[in-house]
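A.B. asks: Quick one: structure below, then a few questions.
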Amino acid sequence: MSRFQFVADNSATFEVKRLCELVEIERSSYYAWLKAAPAREARAADDAALAERIRAVHAEDNTQGAPRITAELNDSAPAGERVNHKRVARVMRLQGIRGYVKKRRVRTTIPEPSGQKYPDLLKRDFTAPAPGLRYVGDITYLPIADGTNLYLATVIDCYSRRLVGWAIADHMRTELVEDALKAAAATRGTLKGSVFHSDHGSVYCSKDYAKLCRKLGVTQSMGAVGSSADNALAESFNATMKREVLQDAACWSNELVCRRQVFRWLVRYNTKRRHSWCRYVPPVLYETGNTATLPTAA
């Protein structure tokens, strides 16, 4: 309770002057506070209405924080009713609404000392001037309750962060990353002239994978051995996916549930999930510049 509120609550019983002296505030300050009460009540009502809108958006995806929720609210808001991200953050904080946060660190790279090595063509610059020029990829494990794992291989476009190719299997053989790259080629139509960057995992160093890259016109690139920062974009994607899908769970209950939930998230990631890199639109829409399928402010 504020000191001003204390005075207001007891002003019918005790003299305002004495109460102000007791709590060490000026009477003029108290009366100014009292005069501003209607405006405070109006702001409180507006904040309560905003909190309900925030809860509705958050209920659709509880991993969203203030920036993505702000973008969602503003895209659906009538003219003149846009909200500032700082206000959204303040209301979320007061209402105890927050995006799900959980840090997980997993090492899955199996180096192949005898494998082919390639120079680092990205040098930690995970940007591109247009789609289809630079890709990064990685393998991450998907833990199952029975103690086994599935494995997800990815191909991500540096321009838009779009997942253009992926594959899931119960093994980490070369076919897994080959299937992901083939899926990317099918999505793009061609990968000719592009760069694909990975770590020094044995599957990426294999002769069969190098042969597929040459066939598709892809130039391989690799970061330094043991440096996760050299493939940070791909590793960040993996961490985000598992954090948002698993949340407080340690693993998936079975393979079928895992495949279904991961598939659903990957599709949503490309088409609906707002990405900060893409100015808070989904990667597919960022590439095309077509936001017609999103509600927009008038």
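Naming scheme: A, B, ... for chains in displayed order of the structure tokens; residues 1 onward per chain; ligands 1 onward as shown.
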Running DSSP on the backbone, which parts of stretch 68-295 of chain A land in strand (DSSP E or B), as a PyMOL selection string?

C.D. replies: chain A and resi 111+134-136+139-144+149-157+163-169+195-198+201+219-222+252+275+281

A.B. asks: Choose the residue, out of A:Gly65, A:Pro38, A:Pro119, A:Pro129, that has the smallest atom-to-atom separation from A:Arg98; count only C-alpha atoms.

C.D. replies: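 Counting only C-alpha atoms, the residue closest to A:Arg98 is A:Gly65.
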
A.B. asks: Can you tell me, as an NGL selection string, what residues are no more than 10 Å from A:Ala153 when counting only C-alpha atoms, ignoring any on the same chain fewer than 5 positions away?

C.D. replies: :A and (137-141 or 165-169 or 172 or 176-181 or 234 or 238)

A.B. asks: Would you save the residues from that selection as an mmCIF file, in the first residue's frame, using N, CA and C atoms?

C.D. replies:
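Once written, out.cif looks like this:
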data_model
loop_
_atom_site.group_PDB
_atom_site.id
_atom_site.type_symbol
_atom_site.label_atom_id
_atom_site.label_comp_id
_atom_site.auth_asym_id
_atom_site.auth_seq_id
_atom_site.Cartn_x
_atom_site.Cartn_y
_atom_site.Cartn_z
ATOM 1 N N GLY A 137 23.480 -26.144 -41.073
ATOM 2 C CA GLY A 137 22.764 -27.336 -40.645
ATOM 3 C C GLY A 137 23.463 -28.024 -39.499
ATOM 4 N N ASP A 138 22.737 -28.908 -38.850
ATOM 5 C CA ASP A 138 23.272 -29.616 -37.701
ATOM 6 C C ASP A 138 22.400 -30.837 -37.433
ATOM 7 N N ILE A 139 22.855 -31.672 -36.506
ATOM 8 C CA ILE A 139 22.068 -32.805 -36.018
ATOM 9 C C ILE A 139 21.859 -32.613 -34.529
ATOM 10 N N THR A 140 20.628 -32.841 -34.075
ATOM 11 C CA THR A 140 20.356 -32.820 -32.643
ATOM 12 C C THR A 140 19.590 -34.071 -32.264
ATOM 13 N N TYR A 141 19.783 -34.524 -31.037
ATOM 14 C CA TYR A 141 19.097 -35.738 -30.621
ATOM 15 C C TYR A 141 17.777 -35.412 -29.943
ATOM 16 N N GLY A 165 14.963 -27.642 -45.243
ATOM 17 C CA GLY A 165 15.079 -29.095 -45.352
ATOM 18 C C GLY A 165 15.333 -29.710 -43.993
ATOM 19 N N TRP A 166 14.738 -30.867 -43.762
ATOM 20 C CA TRP A 166 14.968 -31.555 -42.498
ATOM 21 C C TRP A 166 14.612 -33.031 -42.653
ATOM 22 N N ALA A 167 15.143 -33.834 -41.732
ATOM 23 C CA ALA A 167 14.862 -35.268 -41.728
ATOM 24 C C ALA A 167 14.982 -35.780 -40.299
ATOM 25 N N ILE A 168 14.152 -36.760 -39.950
ATOM 26 C CA ILE A 168 14.193 -37.412 -38.641
ATOM 27 C C ILE A 168 14.405 -38.903 -38.854
ATOM 28 N N ALA A 169 15.289 -39.489 -38.057
ATOM 29 C CA ALA A 169 15.544 -40.931 -38.140
ATOM 30 C C ALA A 169 15.980 -41.439 -36.778
ATOM 31 N N MET A 172 22.192 -41.933 -36.803
ATOM 32 C CA MET A 172 22.978 -40.759 -37.191
ATOM 33 C C MET A 172 23.878 -41.088 -38.380
ATOM 34 N N LEU A 176 20.877 -39.681 -43.032
ATOM 35 C CA LEU A 176 20.059 -38.688 -42.331
ATOM 36 C C LEU A 176 20.325 -37.286 -42.870
ATOM 37 N N VAL A 177 21.578 -36.882 -42.944
ATOM 38 C CA VAL A 177 21.890 -35.534 -43.427
ATOM 39 C C VAL A 177 21.695 -35.443 -44.938
ATOM 40 N N GLU A 178 21.866 -36.559 -45.638
ATOM 41 C CA GLU A 178 21.585 -36.569 -47.079
ATOM 42 C C GLU A 178 20.111 -36.307 -47.331
ATOM 43 N N ASP A 179 19.236 -36.948 -46.550
ATOM 44 C CA ASP A 179 17.792 -36.743 -46.722
ATOM 45 C C ASP A 179 17.406 -35.296 -46.443
ATOM 46 N N ALA A 180 18.035 -34.676 -45.434
ATOM 47 C CA ALA A 180 17.735 -33.273 -45.127
ATOM 48 C C ALA A 180 18.155 -32.361 -46.283
ATOM 49 N N LEU A 181 19.321 -32.622 -46.864
ATOM 50 C CA LEU A 181 19.799 -31.795 -47.970
ATOM 51 C C LEU A 181 18.946 -32.003 -49.223
ATOM 52 N N ALA A 234 22.608 -22.777 -36.300
ATOM 53 C CA ALA A 234 21.989 -24.103 -36.297
ATOM 54 C C ALA A 234 21.779 -24.608 -34.878
ATOM 55 N N ASN A 238 18.198 -25.574 -32.837
ATOM 56 C CA ASN A 238 17.940 -26.838 -32.140
ATOM 57 C C ASN A 238 17.511 -26.594 -30.698
#

A.B. asks: Could you list, as a PyMOL selection string, every residue within 12 Å of stretch 184-189 of chain A, counting only C-alpha atoms and ignoring same-chain residues fewer than 3 positions away?

C.D. replies: chain A and resi 131-137+153-157+162-167+177-181+192-194+196+212-213+215-218+284

A.B. asks: Keeping only C-alpha atoms, write the selected residues to a file as a CSV table (one decimal), in the first residue's frame.

C.D. replies:
chain,number,residue,atom,x,y,z
A,131,PRO,CA,17.4,-16.5,-50.0
A,132,GLY,CA,19.1,-19.6,-51.3
A,133,LEU,CA,22.7,-18.5,-51.0
A,134,ARG,CA,23.9,-19.6,-47.6
A,135,TYR,CA,22.7,-22.5,-45.5
A,136,VAL,CA,23.6,-24.0,-42.1
A,137,GLY,CA,22.8,-27.3,-40.6
A,153,ALA,CA,19.0,-33.1,-39.2
A,154,THR,CA,18.3,-29.5,-40.5
A,155,VAL,CA,19.1,-27.2,-43.4
A,156,ILE,CA,18.4,-23.5,-42.5
A,157,ASP,CA,18.6,-20.5,-44.8
A,162,ARG,CA,13.7,-20.6,-42.8
A,163,LEU,CA,14.0,-24.4,-42.3
A,164,VAL,CA,14.1,-25.5,-46.0
A,165,GLY,CA,15.1,-29.1,-45.4
A,166,TRP,CA,15.0,-31.6,-42.5
A,167,ALA,CA,14.9,-35.3,-41.7
A,177,VAL,CA,21.9,-35.5,-43.4
A,178,GLU,CA,21.6,-36.6,-47.1
A,179,ASP,CA,17.8,-36.7,-46.7
A,180,ALA,CA,17.7,-33.3,-45.1
A,181,LEU,CA,19.8,-31.8,-48.0
A,192,LYS,CA,23.3,-24.9,-57.2
A,193,GLY,CA,25.8,-22.2,-56.3
A,194,SER,CA,24.9,-22.2,-52.6
A,196,PHE,CA,26.2,-25.3,-46.8
A,212,LEU,CA,25.8,-35.4,-52.9
A,213,CYS,CA,26.9,-31.9,-52.4
A,215,LYS,CA,25.9,-33.4,-57.4
A,216,LEU,CA,23.6,-30.6,-56.1
A,217,GLY,CA,26.1,-27.9,-56.8
A,218,VAL,CA,26.7,-27.1,-53.1
A,284,VAL,CA,8.3,-17.9,-45.2

A.B. asks: Which residues come within 8 Å of stretch 89-95 of chain A, counting only C-alpha atoms, excluding same-chain residues fewer than 4 positions away, as a short mmCIF file (atom, residue, chain, number, x, y, z; two decimals) with C-alpha atoms, in the first residue's frame?

C.D. replies:
data_model
loop_
_atom_site.label_atom_id
_atom_site.label_comp_id
_atom_site.auth_asym_id
_atom_site.auth_seq_id
_atom_site.Cartn_x
_atom_site.Cartn_y
_atom_site.Cartn_z
CA ASP A 47 -4.05 -2.41 -18.50
CA LEU A 50 -4.59 -5.38 -22.40
CA ALA A 51 -3.72 -8.21 -20.00
CA ILE A 54 -2.03 -10.74 -23.90
CA ALA A 66 6.86 -9.45 -24.91
CA HIS A 85 6.52 -3.26 -26.30
#

A.B. asks: Can you check which parts of stretch 82-190 of chain A lie within 10 Å of stretch 73-77 of chain A? Per residue, the shortest pair of atoms and distance in Å to one decimal, counting only C-alpha atoms, sorted by chain and number, as a Markdown table.

C.D. replies:
| residue | atom | partner | partner_atom | distance |
| --- | --- | --- | --- | --- |
| A:Arg82 | CA | A:Asn74 | CA | 5.1 |
| A:Val83 | CA | A:Asn74 | CA | 6.6 |
| A:Asn84 | CA | A:Asn74 | CA | 8.9 |
| A:His85 | CA | A:Asn74 | CA | 9.8 |
| A:Val88 | CA | A:Leu73 | CA | 9.5 |

A.B. asks: Of the candidates A:Tyr151, A:Gly99, A:Ala183, A:Arg279, which one gets nearest to A:Glu244 if we count only C-alpha atoms?

C.D. replies: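 Once distances to A:Glu244 are computed over only C-alpha atoms, the minimum belongs to A:Gly99.
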
A.B. asks: With distances taken over only C-alpha atoms, which of A:Ala224, A:Leu122, A:Leu22, A:Ile69 is nearest to A:Ser276?

C.D. replies: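 The answer is A:Ile69, which sits nearest to A:Ser276.
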
A.B. asks: Measuring atom to atom with only C-alpha atoms, identify which of A:Gly96, A:Gly223, A:Pro67, A:Pro282 is nearest to A:Asp120.

C.D. replies: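 Of the candidates, the smallest distance to A:Asp120 is held by A:Gly223.
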